[in-house]
Each structure stands twice: as structure tokens, then as C-alpha cells.
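Next comes my_file_16.txt, with compact mmCIF, C-alpha atoms and all ligand atoms.
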```txt
# COMPACT_ATOMS: atom_id res chain seq x y z
CA MET A 1 -26.50 43.72 -21.85
CA VAL A 2 -22.83 42.87 -22.29
CA GLN A 3 -22.72 45.10 -25.37
CA ASN A 4 -24.54 47.74 -23.36
CA VAL A 5 -21.46 48.07 -21.15
CA VAL A 6 -19.79 49.96 -23.99
CA VAL A 7 -22.76 52.27 -24.57
CA LEU A 8 -23.37 52.89 -20.87
CA ARG A 9 -19.73 53.75 -20.27
CA PHE A 10 -18.97 55.81 -23.32
CA ALA A 11 -22.30 57.44 -24.17
CA ASN A 12 -22.92 58.81 -20.67
CA ARG A 13 -20.80 61.66 -19.41
CA VAL A 14 -21.87 60.91 -15.86
CA PHE A 15 -19.77 57.75 -15.47
CA SER A 16 -16.46 58.82 -17.03
CA PRO A 17 -15.05 60.88 -14.11
CA LEU A 18 -15.88 58.10 -11.62
CA TRP A 19 -14.54 55.15 -13.60
CA ASN A 20 -11.17 54.75 -11.90
CA ARG A 21 -9.19 53.74 -8.82
CA ASP A 22 -9.99 57.02 -7.04
CA ASN A 23 -13.69 56.19 -6.86
CA ILE A 24 -14.15 52.46 -7.36
CA ALA A 25 -13.34 50.11 -4.48
CA ASN A 26 -13.85 46.83 -6.32
CA VAL A 27 -15.64 45.26 -9.28
CA VAL A 28 -17.35 41.88 -8.90
CA VAL A 29 -18.20 39.86 -12.00
CA THR A 30 -20.47 36.95 -11.09
CA PHE A 31 -21.76 33.89 -12.91
CA LYS A 32 -23.90 31.55 -10.83
CA GLU A 33 -25.83 28.45 -11.85
CA ASN A 34 -28.46 26.76 -9.72
CA PHE A 35 -27.75 23.31 -11.17
CA GLY A 36 -24.79 20.97 -11.07
CA THR A 37 -23.17 18.99 -13.85
CA GLU A 38 -25.96 16.41 -13.72
CA GLY A 39 -24.65 13.93 -16.29
CA ARG A 40 -22.34 16.41 -18.08
CA GLY A 41 -19.55 15.86 -15.57
CA GLY A 42 -17.48 13.80 -18.01
CA TYR A 43 -16.99 16.88 -20.18
CA PHE A 44 -16.77 19.36 -17.33
CA ASP A 45 -14.28 17.40 -15.24
CA GLU A 46 -11.52 17.78 -17.80
CA PHE A 47 -11.75 21.55 -17.57
CA GLY A 48 -13.26 22.80 -14.30
CA ILE A 49 -15.06 26.07 -13.68
CA ILE A 50 -12.07 28.37 -14.34
CA ARG A 51 -11.57 27.16 -17.90
CA ASP A 52 -15.31 26.66 -18.43
CA VAL A 53 -16.51 30.21 -17.79
CA MET A 54 -13.97 32.37 -16.00
CA GLN A 55 -11.02 32.49 -18.41
CA ASN A 56 -13.37 33.27 -21.30
CA HIS A 57 -16.85 34.67 -20.55
CA LEU A 58 -16.09 36.53 -17.33
CA LEU A 59 -12.76 37.82 -18.50
CA GLN A 60 -14.41 39.28 -21.59
CA ILE A 61 -16.91 41.17 -19.42
CA LEU A 62 -14.07 42.39 -17.19
CA CYS A 63 -12.22 43.73 -20.25
CA LEU A 64 -15.25 45.74 -21.37
CA ILE A 65 -15.53 47.26 -17.89
CA ALA A 66 -11.82 48.06 -17.63
CA MET A 67 -10.88 49.11 -21.17
CA GLU A 68 -10.26 52.65 -22.40
CA ARG A 69 -12.58 54.29 -24.93
CA PRO A 70 -12.14 52.53 -28.30
CA ILE A 71 -11.53 54.62 -31.40
CA SER A 72 -14.84 53.37 -32.82
CA MET A 73 -17.42 50.64 -32.32
CA GLU A 74 -15.67 48.51 -34.97
CA ALA A 75 -14.77 45.01 -33.78
CA ASN A 76 -11.03 45.48 -34.13
CA ASP A 77 -10.99 48.81 -32.32
CA ILE A 78 -12.80 47.25 -29.35
CA ARG A 79 -10.51 44.20 -29.43
CA ASP A 80 -7.44 46.48 -29.47
CA GLU A 81 -8.61 48.02 -26.20
CA LYS A 82 -9.51 44.69 -24.62
CA VAL A 83 -6.11 43.24 -25.39
CA LYS A 84 -4.42 46.24 -23.77
CA VAL A 85 -6.33 45.50 -20.55
CA LEU A 86 -5.21 41.87 -20.66
CA ARG A 87 -1.61 42.86 -21.25
CA CYS A 88 -1.74 44.99 -18.08
CA MET A 89 -2.94 42.07 -15.99
CA ARG A 90 -0.52 40.14 -13.82
CA PRO A 91 -0.84 36.34 -13.94
CA LEU A 92 -3.24 34.96 -11.36
CA SER A 93 -1.44 33.60 -8.31
CA LEU A 94 -2.72 30.79 -6.09
CA ASP A 95 -2.94 33.29 -3.20
CA ASP A 96 -5.57 35.16 -5.19
CA VAL A 97 -7.97 32.31 -5.79
CA VAL A 98 -10.34 30.14 -3.73
CA VAL A 99 -11.75 26.97 -5.26
CA GLY A 100 -14.68 24.83 -4.16
CA GLN A 101 -16.56 21.69 -5.13
CA TYR A 102 -20.22 21.05 -4.31
CA VAL A 103 -21.26 18.18 -2.10
CA ALA A 104 -24.68 16.59 -1.65
CA ASP A 105 -27.53 18.28 0.15
CA PRO A 106 -29.47 15.16 1.26
CA GLU A 107 -32.21 17.22 2.94
CA ASN A 108 -33.26 18.58 -0.46
CA GLY A 109 -32.34 15.43 -2.38
CA LYS A 110 -29.50 17.15 -4.26
CA PRO A 111 -26.44 15.10 -5.34
CA GLY A 112 -22.80 16.07 -4.89
CA TYR A 113 -20.42 16.55 -7.81
CA LEU A 114 -18.73 13.21 -7.09
CA ASP A 115 -22.15 11.48 -7.17
CA ASP A 116 -22.40 12.29 -10.89
CA PRO A 117 -21.64 8.89 -12.52
CA THR A 118 -19.75 10.64 -15.33
CA VAL A 119 -17.27 12.23 -12.87
CA PRO A 120 -14.12 10.21 -12.02
CA ALA A 121 -13.97 9.07 -8.37
CA GLY A 122 -11.94 11.38 -6.15
CA SER A 123 -11.89 14.21 -8.70
CA ILE A 124 -10.54 17.52 -7.34
CA THR A 125 -11.94 19.59 -10.21
CA PRO A 126 -13.32 22.91 -8.94
CA THR A 127 -17.02 23.58 -9.56
CA TYR A 128 -16.71 26.99 -7.88
CA ALA A 129 -13.94 29.58 -8.02
CA VAL A 130 -13.47 33.15 -6.94
CA ALA A 131 -10.35 35.01 -8.05
CA ALA A 132 -8.91 38.49 -7.70
CA LEU A 133 -7.46 39.93 -10.89
CA TYR A 134 -5.53 43.19 -11.10
CA VAL A 135 -5.13 45.55 -14.03
CA ASP A 136 -1.83 47.31 -13.40
CA ASN A 137 -2.36 50.59 -15.19
CA GLU A 138 -2.94 54.19 -14.19
CA ARG A 139 -6.73 53.81 -14.08
CA TRP A 140 -6.99 50.58 -12.10
CA GLN A 141 -3.83 50.05 -10.04
CA GLY A 142 -4.84 48.34 -6.76
CA VAL A 143 -8.53 47.79 -7.57
CA PRO A 144 -9.46 44.11 -7.24
CA PHE A 145 -11.57 42.71 -10.05
CA ILE A 146 -13.27 39.84 -8.25
CA VAL A 147 -14.48 37.20 -10.69
CA ARG A 148 -16.54 34.32 -9.37
CA ALA A 149 -18.37 31.45 -10.96
CA GLY A 150 -20.05 28.40 -9.57
CA LYS A 151 -22.34 25.50 -10.28
CA ALA A 152 -24.98 24.19 -7.88
CA LEU A 153 -25.51 27.52 -6.12
CA ASN A 154 -28.72 29.18 -4.93
CA GLU A 155 -29.66 30.93 -8.18
CA LYS A 156 -28.91 31.38 -11.86
CA LYS A 157 -27.48 34.84 -12.31
CA CYS A 158 -24.85 36.77 -14.22
CA GLU A 159 -24.05 40.29 -13.11
CA VAL A 160 -21.39 42.96 -12.74
CA ARG A 161 -21.38 44.88 -9.46
CA ILE A 162 -19.25 47.98 -9.21
CA GLN A 163 -18.78 48.98 -5.62
CA PHE A 164 -17.77 52.61 -5.11
CA LYS A 165 -15.57 53.83 -2.28
CA ASP A 166 -17.06 55.09 0.98
CA VAL A 167 -18.02 58.75 1.14
CA ILE A 168 -15.42 60.97 2.75
CA ALA A 169 -16.16 62.87 5.98
CA ASP A 170 -19.59 61.39 6.40
CA ILE A 171 -22.00 63.86 8.09
CA LEU A 172 -24.58 61.21 8.97
CA PRO A 173 -24.34 58.86 11.99
CA SER A 174 -21.70 56.18 11.70
CA GLY A 175 -22.94 53.16 9.75
CA ALA A 176 -25.95 54.98 8.28
CA VAL A 177 -24.39 55.50 4.87
CA HIS A 178 -23.71 52.53 2.62
CA ARG A 179 -21.56 52.38 -0.44
CA ASN A 180 -22.99 53.20 -3.85
CA GLU A 181 -23.16 50.26 -6.20
CA LEU A 182 -23.80 50.13 -9.92
CA VAL A 183 -25.19 46.76 -10.91
CA LEU A 184 -25.48 45.48 -14.47
CA ARG A 185 -27.58 42.33 -14.37
CA VAL A 186 -26.96 40.36 -17.53
CA GLN A 187 -29.36 37.56 -16.65
CA PRO A 188 -32.05 36.80 -15.69
CA ASN A 189 -34.34 39.78 -16.22
CA GLU A 190 -31.81 42.28 -17.56
CA ALA A 191 -31.44 45.42 -15.48
CA VAL A 192 -29.10 48.27 -14.69
CA TYR A 193 -29.48 49.78 -11.25
CA MET A 194 -27.57 52.18 -9.10
CA LYS A 195 -27.86 51.79 -5.35
CA LEU A 196 -27.66 55.16 -3.63
CA MET A 197 -28.56 56.95 -0.42
CA THR A 198 -31.61 59.21 -0.10
CA LYS A 199 -33.34 60.93 2.80
CA ARG A 200 -36.07 58.64 4.10
CA PRO A 201 -39.37 60.32 3.12
CA GLY A 202 -41.17 61.94 6.04
CA MET A 203 -40.35 64.31 8.86
CA GLY A 204 -37.12 62.72 10.03
CA PHE A 205 -33.65 63.07 8.57
CA GLY A 206 -32.76 59.39 8.38
CA ALA A 207 -30.98 58.13 5.28
CA GLU A 208 -32.11 55.10 3.34
CA GLU A 209 -30.51 53.05 0.59
CA THR A 210 -32.64 53.15 -2.57
CA GLU A 211 -32.05 52.76 -6.29
CA LEU A 212 -32.18 54.33 -9.73
CA ASP A 213 -33.64 51.43 -11.61
CA LEU A 214 -33.67 50.51 -15.28
CA THR A 215 -35.37 47.15 -15.53
CA TYR A 216 -35.51 46.27 -19.19
CA ASN A 217 -38.84 44.49 -19.26
CA ARG A 218 -40.52 47.45 -17.57
CA ARG A 219 -38.78 50.13 -19.64
CA PHE A 220 -38.87 48.40 -23.03
CA THR A 221 -42.23 46.73 -22.90
CA ASP A 222 -42.88 45.77 -26.54
CA LEU A 223 -39.47 44.37 -27.19
CA LYS A 224 -38.31 40.80 -27.61
CA LEU A 225 -34.78 40.77 -26.25
CA PRO A 226 -32.61 38.38 -28.29
CA ASP A 227 -31.04 35.45 -26.47
CA ALA A 228 -27.22 35.65 -26.27
CA TYR A 229 -26.84 32.68 -28.62
CA GLU A 230 -29.32 34.21 -31.14
CA ARG A 231 -27.13 37.30 -31.18
CA LEU A 232 -23.95 35.26 -31.75
CA LEU A 233 -25.51 33.20 -34.54
CA LEU A 234 -26.63 36.39 -36.25
CA ASP A 235 -23.08 37.77 -35.89
CA VAL A 236 -21.76 34.66 -37.66
CA LEU A 237 -24.29 35.03 -40.49
CA VAL A 238 -23.50 38.70 -41.09
CA GLY A 239 -19.75 38.24 -40.58
CA SER A 240 -19.49 40.50 -37.52
CA GLN A 241 -16.58 39.62 -35.21
CA ILE A 242 -17.47 42.11 -32.51
CA ASN A 243 -18.42 39.40 -29.99
CA PHE A 244 -15.64 36.98 -30.88
CA VAL A 245 -12.20 36.80 -29.35
CA ARG A 246 -9.08 37.59 -31.41
CA THR A 247 -5.99 35.35 -31.21
CA ASP A 248 -3.89 37.89 -29.29
CA GLU A 249 -6.69 38.29 -26.70
CA LEU A 250 -6.87 34.54 -26.30
CA ARG A 251 -3.12 34.23 -25.85
CA GLU A 252 -3.14 36.95 -23.17
CA ALA A 253 -6.14 35.40 -21.40
CA TRP A 254 -4.27 32.10 -21.09
CA ARG A 255 -1.13 33.93 -19.93
CA VAL A 256 -3.17 35.28 -17.00
CA PHE A 257 -4.80 31.98 -16.00
CA THR A 258 -2.39 29.19 -16.95
CA PRO A 259 0.09 29.51 -14.03
CA ALA A 260 -2.70 29.18 -11.44
CA LEU A 261 -4.39 26.36 -13.35
CA HIS A 262 -1.13 24.43 -13.56
CA ALA A 263 -0.35 25.09 -9.89
CA LEU A 264 -3.80 23.87 -8.82
CA GLU A 265 -3.26 20.68 -10.77
CA SER A 266 0.40 19.97 -9.98
CA GLN A 267 -0.05 20.72 -6.26
CA ARG A 268 -3.34 18.79 -6.24
CA VAL A 269 -5.06 21.60 -4.33
CA ALA A 270 -8.21 20.15 -2.78
CA PRO A 271 -11.27 22.33 -3.39
CA HIS A 272 -13.23 23.45 -0.32
CA PRO A 273 -16.55 21.60 -0.09
CA TYR A 274 -19.84 23.51 -0.23
CA PRO A 275 -23.35 22.07 -0.05
CA TYR A 276 -25.47 22.14 -3.21
CA GLY A 277 -27.63 25.28 -3.25
CA VAL A 278 -25.62 27.68 -1.06
CA ARG A 279 -25.31 31.34 -2.02
CA ASN A 280 -21.58 31.74 -2.57
CA GLY A 281 -19.65 28.46 -2.62
CA PRO A 282 -17.52 27.56 0.40
CA PRO A 283 -17.39 29.92 3.42
CA GLN A 284 -13.79 30.77 2.46
CA ALA A 285 -15.17 32.62 -0.58
CA ASP A 286 -17.05 35.29 1.41
CA GLU A 287 -14.04 35.63 3.69
CA PHE A 288 -11.76 36.10 0.68
CA MET A 289 -14.06 38.79 -0.77
CA ARG A 290 -14.23 40.58 2.57
CA ARG A 291 -10.43 40.64 2.72
CA LEU A 292 -10.40 42.25 -0.72
CA GLY A 293 -12.62 45.03 0.58
CA PHE A 294 -16.03 43.89 -0.70
CA THR A 295 -18.68 45.01 1.77
CA PHE A 296 -22.23 43.80 2.27
CA SER A 297 -24.48 45.81 4.57
CA GLY A 298 -27.55 43.54 4.41
CA GLN A 299 -29.69 46.69 4.88
CA TYR A 300 -30.87 47.27 1.32
CA PHE A 301 -34.51 46.55 0.51
CA TYR A 302 -35.83 46.36 -3.06
CA PRO A 303 -39.64 46.53 -3.05
CA HIS A 304 -40.33 44.61 -6.28
CA GLY A 305 -38.93 41.23 -5.22
CA GLY A 306 -35.68 39.42 -6.09
CA SER A 307 -34.44 40.03 -9.65
CA GLY A 308 -37.25 42.55 -9.99
CA ALA A 309 -39.57 39.73 -10.99
CA GLY A 310 -41.80 39.57 -7.93
CA PRO A 311 -45.08 41.37 -7.25
CA VAL A 312 -44.88 45.13 -6.85
CA LYS A 313 -45.25 46.20 -3.23
CA GLN A 314 -47.45 49.19 -2.48
CA PRO A 315 -45.99 52.26 -0.77
CA SER A 316 -48.52 51.71 2.04
CA ASP A 317 -46.98 48.26 2.70
CA ARG A 318 -43.63 49.90 3.00
CA ALA A 319 -44.70 52.58 5.46
CA THR A 320 -45.67 49.90 7.96
CA ASP A 321 -42.43 47.94 7.51
CA SER A 322 -40.56 48.54 10.73
CA LYS A 323 -37.61 46.53 9.37
CA PRO A 324 -36.85 45.69 5.74
CA PRO A 325 -37.90 42.10 5.06
CA LYS A 326 -35.06 39.74 4.27
CA LEU A 327 -35.12 38.88 0.57
CA ALA A 328 -34.46 35.27 -0.36
N1 LIG B 1 -34.20 46.09 -11.32
C1 LIG B 1 -34.14 45.04 -10.56
O1 LIG B 1 -34.54 43.95 -10.96
C2 LIG B 1 -33.57 45.17 -9.21
C3 LIG B 1 -33.58 44.06 -8.39
N2 LIG B 1 -33.08 44.14 -7.15
C4 LIG B 1 -33.13 42.94 -6.32
O2 LIG B 1 -33.09 43.29 -4.96
C5 LIG B 1 -32.30 42.35 -4.23
C6 LIG B 1 -31.18 43.06 -3.48
O3 LIG B 1 -30.31 43.68 -4.46
P1 LIG B 1 -28.77 43.81 -4.24
O4 LIG B 1 -28.45 44.53 -2.98
O5 LIG B 1 -28.20 44.35 -5.51
O6 LIG B 1 -28.32 42.30 -4.13
P2 LIG B 1 -28.09 41.35 -2.87
O7 LIG B 1 -28.49 41.98 -1.59
O8 LIG B 1 -28.71 40.05 -3.21
O9 LIG B 1 -26.53 41.15 -2.88
C7 LIG B 1 -25.62 42.20 -2.92
C8 LIG B 1 -24.22 41.60 -2.98
O10 LIG B 1 -23.87 41.12 -1.69
C9 LIG B 1 -23.64 39.71 -1.73
N3 LIG B 1 -24.22 39.12 -0.53
C10 LIG B 1 -25.51 38.76 -0.30
N4 LIG B 1 -25.64 38.24 0.93
C11 LIG B 1 -24.40 38.27 1.49
C12 LIG B 1 -23.89 37.86 2.73
N5 LIG B 1 -24.68 37.32 3.66
N6 LIG B 1 -22.57 38.02 2.96
C13 LIG B 1 -21.76 38.55 2.03
N7 LIG B 1 -22.19 38.96 0.82
C14 LIG B 1 -23.49 38.82 0.56
C15 LIG B 1 -24.33 39.22 -2.98
O11 LIG B 1 -23.76 38.02 -3.41
P3 LIG B 1 -24.63 36.99 -4.28
O12 LIG B 1 -24.67 37.57 -5.63
O13 LIG B 1 -23.85 35.73 -4.21
O14 LIG B 1 -25.98 36.87 -3.65
C16 LIG B 1 -24.10 40.39 -3.91
O15 LIG B 1 -22.82 40.37 -4.45
C17 LIG B 1 -31.79 41.33 -5.24
O16 LIG B 1 -32.64 40.24 -5.23
C18 LIG B 1 -31.89 42.08 -6.55
O17 LIG B 1 -32.05 41.25 -7.66
C19 LIG B 1 -32.52 45.30 -6.68
C20 LIG B 1 -32.51 46.42 -7.44
C21 LIG B 1 -33.05 46.45 -8.78
O1 LIG B 2 -20.23 28.01 -21.88
C1 LIG B 2 -20.90 27.57 -20.96
O2 LIG B 2 -22.05 28.21 -20.61
C2 LIG B 2 -23.09 27.49 -19.94
C3 LIG B 2 -24.07 28.53 -19.46
O3 LIG B 2 -24.60 29.23 -20.54
P1 LIG B 2 -26.07 29.86 -20.46
O4 LIG B 2 -26.22 30.59 -21.72
O5 LIG B 2 -27.00 28.71 -20.27
O6 LIG B 2 -26.06 30.77 -19.26
C4 LIG B 2 -22.53 26.65 -18.83
O7 LIG B 2 -23.57 25.87 -18.22
C5 LIG B 2 -21.48 25.71 -19.39
O8 LIG B 2 -20.91 24.92 -18.35
C6 LIG B 2 -20.40 26.49 -20.11
O9 LIG B 2 -19.57 25.58 -20.83
```
Would you kindly transcribe this structure into C-alpha cells?
Ligand SMILES: NC(=O)C1=CN([C@@H]2O[C@H](COP(=O)(O)OP(=O)(O)OC[C@H]3O[C@@H](n4cnc5c(N)ncnc54)[C@H](OP(=O)(O)O)[C@@H]3O)[C@@H](O)[C@H]2O)C=CC1
Ligand SMILES: O=C1O[C@H](COP(=O)(O)O)[C@@H](O)[C@H](O)[C@H]1O
Amino acid sequence: MVQNVVVLRFANRVFSPLWNRDNIANVVVTFKENFGTEGRGGYFDEFGIIRDVMQNHLLQILCLIAMERPISMEANDIRDEKVKVLRCMRPLSLDDVVVGQYVADPENGKPGYLDDPTVPAGSITPTYAVAALYVDNERWQGVPFIVRAGKALNEKKCEVRIQFKDVIADILPSGAVHRNELVLRVQPNEAVYMKLMTKRPGMGFGAEETELDLTYNRRFTDLKLPDAYERLLLDVLVGSQINFVRTDELREAWRVFTPALHALESQRVAPHPYPYGVRNGPPQADEFMRRLGFTFSGQYFYPHGGSGAGPVKQPSDRATDSKPPKLA
């Protein structure tokens, strides 16, 4: 799916005119895990969530979303474009990051980070972080790239969510129209879907949020999708560097993150606590995203269940739904 970002962007005419600050309100790159360190805290505590997944994995995805069209699909041509994105990024400031650390949820028998015997007592290592990164170039000036990663959350998920700007001079009643979103779900159950408004079927003129949906396991039924690590091992065996980071990219990635990492440590910034299993880390994280312009309507209803894995609902079930059921 991560490689698909390049094909989706550059092999489809439909996205190119929209892929810029005039049309995109924000981009959210998310990595969530539904388990804590659970015995691996000794390793994790030295690094924390920003070094563990944000400075590397999430930043790589961000670069693929933000970069210009590479000259070719050759590894070095793609890396040239990624490094240009990184060079346009200002270093992360402490004002643009919220950190959290999970605490026990005794009701569900879940331990806190500090209960892990391999974690030093009193550690202030973040297990959750959300940060706003900015690419200061003509295409992206002012658009927040919100990257967030956390352990011990409600689900295991990696996705990119591109939230488009509100429609101008809306002709429908106020609040009826929600923003378009393009979602690239990397895991689990790979999917690309576009959330958009349609007229609710029937006699009325009400608008409803629906989707154009490409769920891989429905569209490509006879295919075994390789695991990310299988793909990387194969790259090593055939000598392909397309999925590996070049030294100049790495240097730039650290230039962006090191000042905030050092400030967090030298100022001993205490992470905000969040109970094991919550959706998005500490409450300050949702507040931070709202301030950056991320909107959540809570009105969208997907009939096939969360992550597209649940049972398919029948249209007749839907007709009788007076209110969309809340998805877990
Ligand atoms: N092909 C497929 O498999 C498809 C599956 N679906 C499924 O349908 C469901 C709804 O889809 P979608 O609208 O994309 O996703 P969600 O409604 O789950 O979430 C949309 C975004 O809003 C955030 N959010 C959720 N609740 C709140 C809240 N209370 N306050 C602030 N922000 C919030 C989410 O964060 P967070 O990520 O932390 O939850 C996410 O970034 C999902 O389960 C999705 O997987 C939808 C379309 C296609
Ligand atoms: O690199 C890392 O990734 C894993 C998650 O990888 P996944 O393939 O299982 O999704 C993460 O748990 C670990 O902390 C991190 O070092």
C-alpha cells in the first residue's frame, strides 16, 4: 500500500489538480497499536514513540504523499524527491507536539507503561505522540501534516487520511455537507476509500456521506498480499533500494526531529497520561488536532463494519436505520 501511494498519485489524472494547499486542509498519518510494551519496555524506553516509528516510518509515508513527481520509478529518483520534501520542512517545535504515556486500565486488567518491569521507575518516555509538521514550499505552505503514533490504543491500524477543504458557497442546509476524505489504509485489511457526499436515495433531497471503496481483499480476491517484511527481505535479496532510506534523507529526518526530542528530554516534559485502550491518546491530542483544523463529523456510516471486515449489511437493513449506528 505504501508503494501504491506513488501509483495512485502519479498514474491517476484525477488527483493531480487537487493535491495542494488550495484543496487539502490537512493530512493525518496514523500508526496505532492495541498493545503496550509488555516486556519490551527496556528497549523502547531508551527511544520513545517518536524515534521508534514517527521519525522513520511515518515520515517516509509523509514524504511519498508530499513529494513532486519523480523522474522515474528508480530508487534514487524517488529518494531525490523525498529528500527535497524533508529539506523544505521546518524543525519540529515543542509547541507543535503533544506527548502521552499510557496508564493502567484496571477494569480491563491492562497494565500501565510504568508497570512493565523492564521500564525504569518514573520514566517520562512518551508512548504516544501527535505532531504537526509543515512542508514550506509552494504546494504545501500552511497545510499541517499531522503525524500520530501510539501504543496501547483501541486498535492496530496504519492509515493516511487526506482531509479536503470545505466546499465553497454550500447550497445545502448548514452542516449537511461534510468534508471529502481520501483514506489509504495500510493495515489491517488494505483499502483505499474516498468519502464523499451523495443525494440520499429516495424522494427527498437530503445529502448523505458515502464512499468510493477499493477494499483489496474484495477487489483482488485470488491474491496473497505480501507482508511488509516479506517485501523488504525480497528487496534485500534482489538489491533494490527503493524502500530503504538514503543517508541524506536520514540526516534531514533527524534535523527535523532532533530539536524537539532534545527539548523534551532536557526540559523533562511530562507526558499526559491516557488509559490503556483509548482511541487517541490523551484528551489533549484531539484538542490539538481540532486546533489544527482536523474535523470529525461523527455522521459517517460504513455498512460493512469497521475496517471493512465485518458482515455485509443488506440495503433493507439500512432503509430502516433511522440513525446511523455508532461503529466501535
Ligand atoms: N474499505 C473499508 O474497509 C472501509 C472501512 N470503513 C470503516 O468505516 C468506519 C468509519 O470510517 P472513517 O470515517 O474513515 O473512520 P472513523 O469514523 O473511525 O474516523 C475518522 C477520523 O476521525 C477520528 N475520530 C474518530 N472518532 C473521533 C472523535 N470522537 N473525535 C475526534 N476524532 C475522531 C478518527 O481517529 P482514529 O483513527 O483515532 O479513530 C479518524 O481519524 C471505520 O471503521 C472504517 O474502517 C469505511 C470506509 C471503507
Ligand atoms: O519498527 C517497529 O515496528 C513495530 C510495528 O511493526 P508491525 O509490522 O508489527 O506493524 C513496532 O511495534 C515497534 O515498536 C517498532 O520498533
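With distances taken over all atoms listed in the file, A:Val147 is the one residue among A:Ala131, A:Met67, A:Val147, A:Val236 lying closest to A:Arg161.
Minimum atom-to-atom distances from A:Asn23, A:Asn280, A:Asn137, A:Thr30 to A:Ile168 were compared using only C-alpha atoms, and the lowest value belongs to A:Asn23.
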Skipping near chain neighbours, those fewer than 6 positions away, what residues fall within 8 Å of A:Lys82 using only C-alpha atoms, listed as number ranges by chain? A: 60, 63-64, 67, 249
Residues within 6 Å of ligand LIG 1 (chain B), counting all atoms listed in the file: report them as a PyMOL selection string. chain A and resi 191+193+213-215+279-280+286+296+300+302+306-308
Show me which residues sit within 9 Å of ligand LIG 2 (chain B) when counting all atoms listed in the file, and put them as a CSV table (one decimal) with C-alpha atoms, keeping the file's coordinate frame.
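File result_27.csv, as written:
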```
chain,number,residue,atom,x,y,z
A,31,PHE,CA,-21.8,33.9,-12.9
A,32,LYS,CA,-23.9,31.6,-10.8
A,33,GLU,CA,-25.8,28.4,-11.8
A,35,PHE,CA,-27.8,23.3,-11.2
A,36,GLY,CA,-24.8,21.0,-11.1
A,37,THR,CA,-23.2,19.0,-13.8
A,40,ARG,CA,-22.3,16.4,-18.1
A,44,PHE,CA,-16.8,19.4,-17.3
A,48,GLY,CA,-13.3,22.8,-14.3
A,49,ILE,CA,-15.1,26.1,-13.7
A,51,ARG,CA,-11.6,27.2,-17.9
A,52,ASP,CA,-15.3,26.7,-18.4
A,53,VAL,CA,-16.5,30.2,-17.8
A,56,ASN,CA,-13.4,33.3,-21.3
A,57,HIS,CA,-16.8,34.7,-20.6
A,151,LYS,CA,-22.3,25.5,-10.3
A,156,LYS,CA,-28.9,31.4,-11.9
A,157,LYS,CA,-27.5,34.8,-12.3
A,158,CYS,CA,-24.8,36.8,-14.2
A,187,GLN,CA,-29.4,37.6,-16.6
A,227,ASP,CA,-31.0,35.4,-26.5
A,228,ALA,CA,-27.2,35.6,-26.3
A,229,TYR,CA,-26.8,32.7,-28.6
```
